[in-house]
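Below is one structure, written out as structure tokens; comments come after it.
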Amino acid sequence: MFLQQLINGVALGSTYALIALGYTMVYGIITLINFAHGEIFMVGAFVGLLLITYFKLNIFVAMFLSMSFCMILGVVIELVAYRRLRRSSRLSALISAIGVSIFLSSLALMIFGADAKAFPDDVFPLRQIKIGSAEVSTLQLSIIGISALLMLTLEFIVQKTKIGKAMRATSEDYTAAALMGINVNRVISFTFALGSALAAAGGMLVGLLFNAVTFNMGLMAGLKAFAAAVLGGIGSIPGAMLGGVLLGVTEVFGVAIGYSSYRDAIAFTILVLVLLLKPTGLLGQKIQKKV
Amino acid sequence: MLVVEQLSVNYKAIKALTEVNCEVKHGEIVALIGANGAGKTTILNTISGIVPAASGRITFEGKDITQVPAHDIVKLGICQVPEGRRVFSKMSVLENLEMGAYSKNDKKMMQEGIERAFQMFPRLAERRKQLAKTLSGGEQQMLAMGRALMTNPRLLLLDEPSMGLAPMLVEKIFEVVTEINKAGTTIMLVEQNAHMALSIANRAYVLETGEVVLKGDAKELAADPEVRKAYLGE
Ligand SMILES: Nc1ncnc2c1ncn2[C@@H]1O[C@H](COP(=O)(O)OP(=O)(O)OP(=O)(O)O)[C@@H](O)[C@H]1O
Ligand SMILES: [Mg+2]
């Protein structure tokens, strides 16, 4: 029972973590809560669904293409909706982000309608596996595996590659980074691309997990992932991973002990508690004033 | 090498610089002195492309660089050690140096730059894996200088390298500045410590509330009674 719920929680939580990473990376670099991030996640799910349903693509190929599509989408959103507002107040940028978010979900509603779409039955070889006393589906294991792989790749990019180091430098000191010859705009675009790709993968995985893709799935998932990012410490990459998994596990256990009607409230209760008790989150650092 | 003509800079309603003219010739050390808020940092940041010019012109080796963005200024060979060092505190010493070489896609230059920095400041070599925030103020200044020298710039802009350092270290930093200059790098040096700055500079400009009020040979300025009174504490 415990193991069962733990695995359910980790699977759900790793999808939160994938989305939370985008929030945290973008916040880390331009101190903006990218409100449209949840909608990128939704678009990722739809693109994957289309590719699998109409083009009969293999799920991994579809995921790769959907991630690439959302990378471009994320970069375009930043270019069109945020770049010009970079020097104005954060509130203007936030409102612009909410605008993009409404635009994308309305567009999805127009194109796909209001009812949930499902993936074809044969898209994933679904089987149950016994691990001790727990029954785990191959889908859950794949979600955990794919998420872990993506997060390890991200960690490698951020820690070891040149552009990843430039990301860290830029998020710490924008001006000093520019003085080093770092093209800050390019680094910001890259950050949006990375975050959006992870969100797209998350969107497909969540779509598979609940076997439903809807135009408004980005709202709740986005808000929860945001709560996860705050829980881990906004701006911290390991924090977003930890926060996502913790949130997923808490939610699943909350439901298991009988609070199923409060399922969605759990995330926001945690959000409020963190903001009250430890605004920097579990792994976050003191919020520095950006210049 | 660098010519600043009629440069004016505003921060919203605040006038920071008014029609400033100055020049740095190849191989020189030029000092820029003046009280707090005189506009010294603003001049360096405008040259570096961090702060936009309201009017006027900056040319570097004959090329107009007034509108060139910061990351391209570095490629042209102008590097800045900013006021307050601004090392990347959550990155290691080695990673900070790597960032200094960001604009050049050149492994060999990176290796040479790191070796040069470690030779110049052996203390950095011992701490290469340490996060920059664990370094002392003096070590951070060394790191900031090593970082700016990674690409072997032709013009180095130094903003108050002696700020907050013990006298011993100030001497050491100024020695290094002289060495860097002897090795062929032209230097523009902003300092509160006018005494030290004038002692190593060839020429100097004195800035007051955004305007150049005095300029000339560093030795002559150091002997000028006005300067001695206002900036050398006599
Ligand atoms: N980002 C900014 N926004 C608004 N005003 C600024 C900004 N930066 C500088 N100023 C103003 O411009 C003027 C010149 O500042 P600057 O930093 O160039 O002086 P400085 O000579 O370097 O002083 P210090 O010796 O204290 O470093 C000051 O009046 C300062 O208050
Ligand atoms: Mg200054």
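Residue numbering restarts at 1 in every chain; chains get A, B, ... in the order shown in the structure tokens, and ligands count up from 1 in that same order.
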
Exercise for the section: May I ask you to write as number ranges by chain all residues lying at most 6 Å from ligand 1, with only C-alpha atoms and all ligand atoms counted? Expected result: B: 11, 16, 35-42

Practice task
Compute the set of chain A residues within 12 Å of chain B, using only C-alpha atoms, and express it as JSON, numbers by chain.
Solution key: {"A": [158, 159, 160, 161, 162, 163, 164, 165, 166, 167, 168, 169, 170, 171, 172, 173, 174, 175, 176, 177, 178, 179, 180, 181, 182, 183, 184, 185, 186, 187, 236, 285, 291]}

Exercise for the section: For Tyr205 of chain B, list every protein, DNA or RNA residue within 6 Å, evaluated using only C-alpha atoms, and leave out those in the same chain fewer than 6 positions away; present the list as a PyMOL selection string. Expected result: chain B and resi 32+214-215

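Pairwise distance (atom CA of Phe60 of chain B, atom CA of Ala204 of chain B) equals 18.7 Å.
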
Exercise for the section: Figure out the distance between atom CA of Ala117 of chain B and atom CA of Val3 of chain B, please, to one decimal in Å. Expected result: 29.1 Å

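Taking segment 24-259 of chain A and asking which residues DSSP calls strand (DSSP E or B) on the backbone, you get Lys117, Gln128, Ile129, Lys130, Ile131, Ala134, Glu135, Val136, Ser137 and Val213 of chain A.
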
Handout entry: DSSP-assigned helix (DSSP H, G or I) members of segment 55-152 of chain B, reported as number ranges by chain
Key = B: 70-76, 93-100, 107-120, 122-126, 132-134, 137-148

Exercise for the section: Can you pull out every residue within 10 Å of segment 164-173 of chain B, counting only C-alpha atoms, but drop anything in the same chain fewer than 4 positions away, and send it as an NGL selection string? Expected result: :B and (84 or 136-139 or 141-142 or 145 or 160 or 177-179 or 193 or 196)

Written file, previous selection with N, CA, C and O atoms, as an mmCIF file, in the first residue's frame:
data_model
loop_
_atom_site.group_PDB
_atom_site.id
_atom_site.type_symbol
_atom_site.label_atom_id
_atom_site.label_comp_id
_atom_site.auth_asym_id
_atom_site.auth_seq_id
_atom_site.Cartn_x
_atom_site.Cartn_y
_atom_site.Cartn_z
ATOM 1 N N GLY B 84 33.022 46.754 -7.725
ATOM 2 C CA GLY B 84 32.472 45.752 -6.815
ATOM 3 C C GLY B 84 32.719 44.328 -7.297
ATOM 4 O O GLY B 84 32.083 43.388 -6.826
ATOM 5 N N SER B 136 38.110 35.654 -0.392
ATOM 6 C CA SER B 136 38.181 36.944 0.307
ATOM 7 C C SER B 136 38.020 38.065 -0.719
ATOM 8 O O SER B 136 38.107 37.843 -1.927
ATOM 9 N N GLY B 137 37.804 39.286 -0.227
ATOM 10 C CA GLY B 137 37.626 40.427 -1.124
ATOM 11 C C GLY B 137 38.801 40.602 -2.089
ATOM 12 O O GLY B 137 38.613 40.839 -3.279
ATOM 13 N N GLY B 138 39.991 40.463 -1.561
ATOM 14 C CA GLY B 138 41.181 40.614 -2.392
ATOM 15 C C GLY B 138 41.252 39.541 -3.468
ATOM 16 O O GLY B 138 41.549 39.820 -4.632
ATOM 17 N N GLU B 139 40.940 38.315 -3.054
ATOM 18 C CA GLU B 139 40.978 37.204 -4.015
ATOM 19 C C GLU B 139 39.914 37.381 -5.093
ATOM 20 O O GLU B 139 40.133 37.065 -6.260
ATOM 21 N N GLN B 141 38.902 40.226 -6.193
ATOM 22 C CA GLN B 141 39.410 41.236 -7.126
ATOM 23 C C GLN B 141 40.384 40.604 -8.110
ATOM 24 O O GLN B 141 40.367 40.892 -9.298
ATOM 25 N N MET B 142 41.225 39.708 -7.581
ATOM 26 C CA MET B 142 42.178 39.022 -8.462
ATOM 27 C C MET B 142 41.417 38.211 -9.507
ATOM 28 O O MET B 142 41.755 38.209 -10.684
ATOM 29 N N MET B 145 39.937 40.356 -12.173
ATOM 30 C CA MET B 145 40.950 40.818 -13.121
ATOM 31 C C MET B 145 41.395 39.681 -14.036
ATOM 32 O O MET B 145 41.503 39.849 -15.245
ATOM 33 N N GLU B 160 37.617 50.984 -9.969
ATOM 34 C CA GLU B 160 37.955 50.946 -8.546
ATOM 35 C C GLU B 160 38.476 49.589 -8.077
ATOM 36 O O GLU B 160 37.882 48.959 -7.202
ATOM 37 N N VAL B 177 48.582 45.892 -12.161
ATOM 38 C CA VAL B 177 48.063 46.758 -13.228
ATOM 39 C C VAL B 177 49.216 47.288 -14.079
ATOM 40 O O VAL B 177 49.159 47.278 -15.310
ATOM 41 N N THR B 178 50.294 47.713 -13.418
ATOM 42 C CA THR B 178 51.454 48.205 -14.156
ATOM 43 C C THR B 178 52.044 47.105 -15.040
ATOM 44 O O THR B 178 52.400 47.342 -16.194
ATOM 45 N N GLU B 179 52.124 45.894 -14.469
ATOM 46 C CA GLU B 179 52.659 44.769 -15.248
ATOM 47 C C GLU B 179 51.811 44.476 -16.486
ATOM 48 O O GLU B 179 52.342 44.259 -17.574
ATOM 49 N N ASN B 193 41.026 56.172 -4.994
ATOM 50 C CA ASN B 193 42.364 56.333 -4.463
ATOM 51 C C ASN B 193 43.207 57.102 -5.481
ATOM 52 O O ASN B 193 44.028 56.552 -6.204
ATOM 53 N N MET B 196 47.222 56.805 -5.537
ATOM 54 C CA MET B 196 47.766 55.626 -6.206
ATOM 55 C C MET B 196 47.565 55.713 -7.709
ATOM 56 O O MET B 196 48.469 55.427 -8.492
#

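The nearest approach to Leu156 of chain B among the residues B:Gly56, B:Gly34, B:Gly77, B:Gly210, with only C-alpha atoms taken into account, belongs to B:Gly77.
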
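Reported to one decimal place, the separation of atom CA of Glu23 of chain B from atom CA of Arg116 of chain B is 28.7 Å.
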
Practice task
Go through B:Glu112, B:Ile33, B:Gln119, B:Asp224 one by one, measure the shortest atom-to-atom distance of each to ligand 2 using only C-alpha atoms and all ligand atoms, and give the residue with the smallest value.
Solution key: B:Ile33

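Taking only C-alpha atoms and all ligand atoms into account, ligand 2 lies nearest to B:Met163 out of the set B:Leu7, B:Met109, B:Met163, B:Ala54.
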
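Using only C-alpha atoms, the residues found no farther than 12 Å from Lys12 of chain B, other than those of its own chain fewer than 3 positions away, are Val9, Lys15, Ala16, Val51, Pro52, Ala53 and Ala54 of chain B.
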
Print the selection's residues with C-alpha atoms to a file, as a compact mmCIF listing (two decimals), in the first residue's frame.
# COMPACT_ATOMS: atom_id res chain seq x y z
CA VAL B 9 24.29 60.00 -20.64
CA LYS B 15 21.89 63.68 -16.01
CA ALA B 16 24.93 61.52 -15.34
CA VAL B 51 24.46 51.95 -20.62
CA PRO B 52 23.17 53.71 -23.74
CA ALA B 53 24.55 57.09 -24.77
CA ALA B 54 22.02 59.93 -25.05

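The residue that comes closest to ligand 2, out of B:Ile43, B:Val4, B:Val68, B:Leu143 and on the basis of only C-alpha atoms and all ligand atoms, is B:Ile43.
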
Exercise for the section: Please provide the set of residues having any atom within 7 Å of Gly248 of chain A, restricted to only C-alpha atoms, with same-chain residues fewer than 2 positions apart removed, written as JSON, numbers by chain. Expected result: {"A": [9, 10, 12, 13, 244, 245, 246, 250, 251, 252]}

Output for the residues just chosen: N, CA, C and O atoms as a tab-separated table (two decimals), in the first residue's frame:
chain	number	residue	atom	x	y	z
A	9	GLY	N	2.82	8.51	-6.49
A	9	GLY	CA	3.18	9.89	-6.17
A	9	GLY	C	4.41	10.35	-6.94
A	9	GLY	O	4.44	11.46	-7.46
A	10	VAL	N	5.41	9.50	-6.99
A	10	VAL	CA	6.64	9.89	-7.70
A	10	VAL	C	6.36	10.07	-9.19
A	10	VAL	O	6.85	11.02	-9.82
A	12	LEU	N	3.50	10.93	-10.66
A	12	LEU	CA	2.78	12.20	-10.82
A	12	LEU	C	3.72	13.38	-10.57
A	12	LEU	O	3.77	14.35	-11.32
A	13	GLY	N	4.49	13.24	-9.49
A	13	GLY	CA	5.40	14.31	-9.09
A	13	GLY	C	6.47	14.59	-10.14
A	13	GLY	O	6.87	15.74	-10.32
A	244	GLY	N	8.71	19.25	-7.12
A	244	GLY	CA	7.74	18.55	-7.95
A	244	GLY	C	7.42	17.18	-7.39
A	244	GLY	O	6.25	16.80	-7.21
A	245	VAL	N	8.48	16.43	-7.09
A	245	VAL	CA	8.28	15.06	-6.60
A	245	VAL	C	7.58	15.08	-5.23
A	245	VAL	O	6.62	14.33	-4.99
A	246	LEU	N	8.03	15.98	-4.34
A	246	LEU	CA	7.40	16.07	-3.02
A	246	LEU	C	5.91	16.40	-3.14
A	246	LEU	O	5.07	15.81	-2.46
A	250	THR	N	2.90	14.06	-1.87
A	250	THR	CA	1.97	14.59	-0.87
A	250	THR	C	0.53	14.50	-1.38
A	250	THR	O	-0.38	14.10	-0.65
A	251	GLU	N	0.36	14.87	-2.63
A	251	GLU	CA	-0.99	14.86	-3.20
A	251	GLU	C	-1.57	13.45	-3.19
A	251	GLU	O	-2.71	13.23	-2.76
A	252	VAL	N	-0.77	12.49	-3.65
A	252	VAL	CA	-1.25	11.11	-3.73
A	252	VAL	C	-1.55	10.56	-2.33
A	252	VAL	O	-2.57	9.91	-2.10
